[in-house]
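J.: So that we are looking at the same thing, I have put the structure below in structure tokens.
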Amino acid sequence: MQLIKVKDYEDLSCRAANFLAAQIWMKPCCVLGLATGSTPVGIYRRLCRMYDKGELDFSSVTTVNLDEYKGLCPEHAQSYAYFMRQHLFGQVNLDPDRTFLPDGMNPDEEKECTRYETLIQELGGQDLQLLGLGHNGHIGFNEPAEQFIPLTHLVSLSKRTITANKRFFASAEEVPGQAYTMGIGTILKARKILLVVSGKEKADILQQVLFGPVTPAVPGSVLQLHADVTVVADEAAFSACSL
Ligand code: GLP
């Protein structure tokens with residue numbers, strides 16, 4: 001694991017955006033695994049700026065997102081499809097036919113999970129997977145559990161996640177209770193992984209993810225087993241780690 005400590009959120013966004021840009025320069029037809037949440041917003045802003053300046057070309061890139069709320073259509077302002085259009089897809093020359101997310105409106109759980117998992121494998125897997133970290137150690141929407149779930153699945157969100165994510169909704173009651181997410185195995189099959197973490201409130205969980213036991217109780221800890229993980233975190237997020 002490569003651990004990169006940066007000063008603050010701005011630095012984190014800059015470092016991580018350069019990392020993603022380098023992946024596109026290296027392999028223009030790459031498959032990028034993308035994430036939502038507050039942390040990647042600055043990264044996407046920088047990527048859009050690089051595109052505006054003519055430094056980046058997304059025309060051959062394919063994207064697969066980690067997760068989507070069940071029951072939210074792509075037009076819903078809190079859906080991850082909407083988030084991605086706002087922050088990246090609508091601003092750069094990505095082919096809309098090559099940007100993929102789980103379909104939150106598919107009521108057939110089994111079919112949707114198989115469809116998404118098969119799609120990712122048929123694309124050849126992610127060249128680079130961007131990940132944020134949930135307050136309880138979740139990656140994608142892989143919540144703390146008794147065992148790692150390998151493939152794309154439907155998950156019931158924990159109270160902690162619903163509380164953390166209610167800031168985007170009018171109330172906690174409006175946060176969907178379930179989501180489709182890539183599984184731990186789907187994530188681990190990515191050739192490279194970039195984990196981005198910001199802020200003091202993630203310091204303890206980041207310490208557990210990086211240096212604690214590998215356990216499904218802290219889903220992000222499984223990243224210790226992957227051969228090519230880069231962690232970009234700011235000083236506040238690294239403050240519980242003795243680096
Ligand atoms: C959501 C997403 C995760 C993300 C997490 C952290 O739950 N499903 O993929 O990593 O939020 O988000 P934030 O960056 O806002 O702390």
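How things are named: the first chain in the structure tokens is A, the next is B, and so on; residues count from 1 in each chain; ligands count from 1 in the order shown.
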At a cut-off of 6 Å and counting only C-alpha atoms and all ligand atoms, what residues surround ligand 1? Please answer as a PyMOL selection string.
T.: chain A and resi 35-39+131-134+139-141
J.: How would you write, as a ChimeraX atom specification, the set of residues in segment 109-187 of chain A that DSSP gives as helix (DSSP H, G or I)?
T.: /A:109-122,159-168,172-174,184-187
J.: Write out, as a CSV table (one decimal), in the first residue's frame, the residues just selected, with N, CA and C atoms.
T.:
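Saved result, part-v4.csv, follows:
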chain,number,residue,atom,x,y,z
A,109,GLU,N,-34.1,-7.9,-7.8
A,109,GLU,CA,-32.8,-7.9,-7.1
A,109,GLU,C,-31.8,-8.8,-7.8
A,110,GLU,N,-32.2,-10.0,-7.9
A,110,GLU,CA,-31.3,-11.0,-8.5
A,110,GLU,C,-30.8,-10.7,-9.9
A,111,LYS,N,-31.8,-10.3,-10.7
A,111,LYS,CA,-31.5,-10.0,-12.1
A,111,LYS,C,-30.5,-8.8,-12.2
A,112,GLU,N,-30.8,-7.7,-11.3
A,112,GLU,CA,-30.0,-6.5,-11.4
A,112,GLU,C,-28.6,-6.8,-11.0
A,113,CYS,N,-28.5,-7.6,-9.9
A,113,CYS,CA,-27.1,-7.9,-9.4
A,113,CYS,C,-26.3,-8.7,-10.4
A,114,THR,N,-26.9,-9.6,-11.1
A,114,THR,CA,-26.3,-10.4,-12.1
A,114,THR,C,-25.9,-9.6,-13.3
A,115,ARG,N,-26.9,-8.7,-13.7
A,115,ARG,CA,-26.6,-7.9,-14.8
A,115,ARG,C,-25.4,-7.0,-14.6
A,116,TYR,N,-25.4,-6.3,-13.4
A,116,TYR,CA,-24.3,-5.4,-13.2
A,116,TYR,C,-22.9,-6.1,-13.1
A,117,GLU,N,-22.9,-7.2,-12.3
A,117,GLU,CA,-21.7,-7.9,-12.1
A,117,GLU,C,-21.2,-8.4,-13.5
A,118,THR,N,-22.1,-9.0,-14.3
A,118,THR,CA,-21.7,-9.5,-15.6
A,118,THR,C,-21.1,-8.4,-16.5
A,119,LEU,N,-21.8,-7.2,-16.5
A,119,LEU,CA,-21.4,-6.1,-17.3
A,119,LEU,C,-19.9,-5.7,-16.9
A,120,ILE,N,-19.6,-5.6,-15.6
A,120,ILE,CA,-18.3,-5.2,-15.2
A,120,ILE,C,-17.3,-6.2,-15.7
A,121,GLN,N,-17.6,-7.5,-15.6
A,121,GLN,CA,-16.6,-8.5,-16.0
A,121,GLN,C,-16.5,-8.5,-17.5
A,122,GLU,N,-17.6,-8.3,-18.3
A,122,GLU,CA,-17.5,-8.2,-19.7
A,122,GLU,C,-16.7,-7.0,-20.2
A,159,LYS,N,-28.0,2.1,10.2
A,159,LYS,CA,-28.5,3.3,10.8
A,159,LYS,C,-27.5,4.4,10.7
A,160,ARG,N,-26.2,4.0,10.9
A,160,ARG,CA,-25.1,5.0,10.9
A,160,ARG,C,-24.9,5.6,9.5
A,161,THR,N,-25.1,4.8,8.4
A,161,THR,CA,-24.9,5.3,7.1
A,161,THR,C,-26.1,6.2,6.7
A,162,ILE,N,-27.3,5.7,7.1
A,162,ILE,CA,-28.5,6.6,6.9
A,162,ILE,C,-28.4,7.9,7.5
A,163,THR,N,-27.9,7.9,8.8
A,163,THR,CA,-27.7,9.2,9.5
A,163,THR,C,-26.6,10.0,8.8
A,164,ALA,N,-25.5,9.4,8.3
A,164,ALA,CA,-24.5,10.2,7.7
A,164,ALA,C,-25.0,10.7,6.4
A,165,ASN,N,-25.8,10.0,5.6
A,165,ASN,CA,-26.2,10.4,4.3
A,165,ASN,C,-27.5,11.3,4.3
A,166,LYS,N,-28.1,11.4,5.5
A,166,LYS,CA,-29.4,12.2,5.5
A,166,LYS,C,-29.1,13.6,5.1
A,167,ARG,N,-27.9,14.1,5.2
A,167,ARG,CA,-27.6,15.5,4.9
A,167,ARG,C,-28.0,15.9,3.5
A,168,PHE,N,-28.1,14.9,2.6
A,168,PHE,CA,-28.4,15.2,1.2
A,168,PHE,C,-29.9,15.1,1.0
A,172,ALA,N,-34.1,12.0,7.4
A,172,ALA,CA,-33.6,10.6,7.5
A,172,ALA,C,-34.6,9.6,6.9
A,173,GLU,N,-35.9,9.9,7.0
A,173,GLU,CA,-37.0,9.0,6.5
A,173,GLU,C,-36.9,8.9,5.0
A,174,GLU,N,-36.4,10.0,4.4
A,174,GLU,CA,-36.3,9.9,2.9
A,174,GLU,C,-35.1,9.2,2.3
A,184,ILE,N,-17.4,-6.8,-2.4
A,184,ILE,CA,-15.9,-6.7,-2.0
A,184,ILE,C,-15.0,-7.3,-3.1
A,185,GLY,N,-15.5,-8.5,-3.6
A,185,GLY,CA,-14.7,-9.1,-4.7
A,185,GLY,C,-14.7,-8.3,-6.0
A,186,THR,N,-15.8,-7.7,-6.3
A,186,THR,CA,-15.9,-6.9,-7.5
A,186,THR,C,-14.9,-5.7,-7.4
A,187,ILE,N,-14.8,-5.2,-6.2
A,187,ILE,CA,-13.9,-4.0,-6.0
A,187,ILE,C,-12.4,-4.5,-6.0
J.: Which residue is closest to Ala217 of chain A? Choose from A:Pro176, A:Gly199, A:Gly137, A:Gly90 and count only C-alpha atoms.
T.: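 Among the listed residues, the smallest separation from Ala217 of chain A belongs to A:Gly137.
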J.: Which polymer residues have any atom within 9 Å of an atom of segment 142-147 of chain A, counting only C-alpha atoms, with same-chain residues fewer than 5 positions away left out, as a PyMOL selection string?
T.: chain A and resi 134+136-137+155-158+161+181-184+215-220
J.: Between A:Val196, A:Ile205, A:Leu210, A:Leu12, which one has atoms that come closest to Leu243 of chain A, using only C-alpha atoms?
T.: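 The answer is A:Leu210, which sits nearest to Leu243 of chain A.
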J.: What's the separation between atom CA of Leu123 of chain A and atom CA of Leu47 of chain A, in Å to one decimal place?
T.: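 Result for atom CA of Leu123 of chain A versus atom CA of Leu47 of chain A: 22.8 Å, one decimal.
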J.: Provide the atom CA of Leu101 of chain A to atom CA of Leu223 of chain A distance in Å, to one decimal place.
T.: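 Between these atoms lies a distance of 22.2 Å.
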J.: Of the residues A:Val209, A:Val41, A:Ala227, A:Cys241, which is the one nearest to Lys192 of chain A, using only C-alpha atoms?
T.: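 Using only C-alpha atoms, Lys192 of chain A sits closest to A:Ala227.
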J.: Which residues are close to Lys5 of chain A, i.e. within 10 Å by only C-alpha atoms, leaving aside same-chain residues fewer than 6 positions away? Reply as an NGL selection string.
T.: :A and (11-12 or 231-239 or 243)
J.: Would you kindly return, as a count of residues only, each protein, DNA or RNA residue with an atom no farther than 8 Å from any atom of segment 56-64 of chain A, considering only C-alpha atoms and excluding same-chain residues fewer than 2 positions away?
T.: 26
J.: May I have the residues within 9 Å of Leu188 of chain A as a PyMOL selection string, using only C-alpha atoms and disregarding those fewer than 5 positions away in the same chain?
T.: chain A and resi 129+150+183+193+222-223+225-226
J.: Name the residues of segment 35-171 of chain A that fall into strand (DSSP E or B) according to DSSP on the backbone, using the chain letters and numbers of this document, as an MDAnalysis selection string.
T.: chainID A and resid 62:65 67:69 99:100 128:131 139 142 153:156
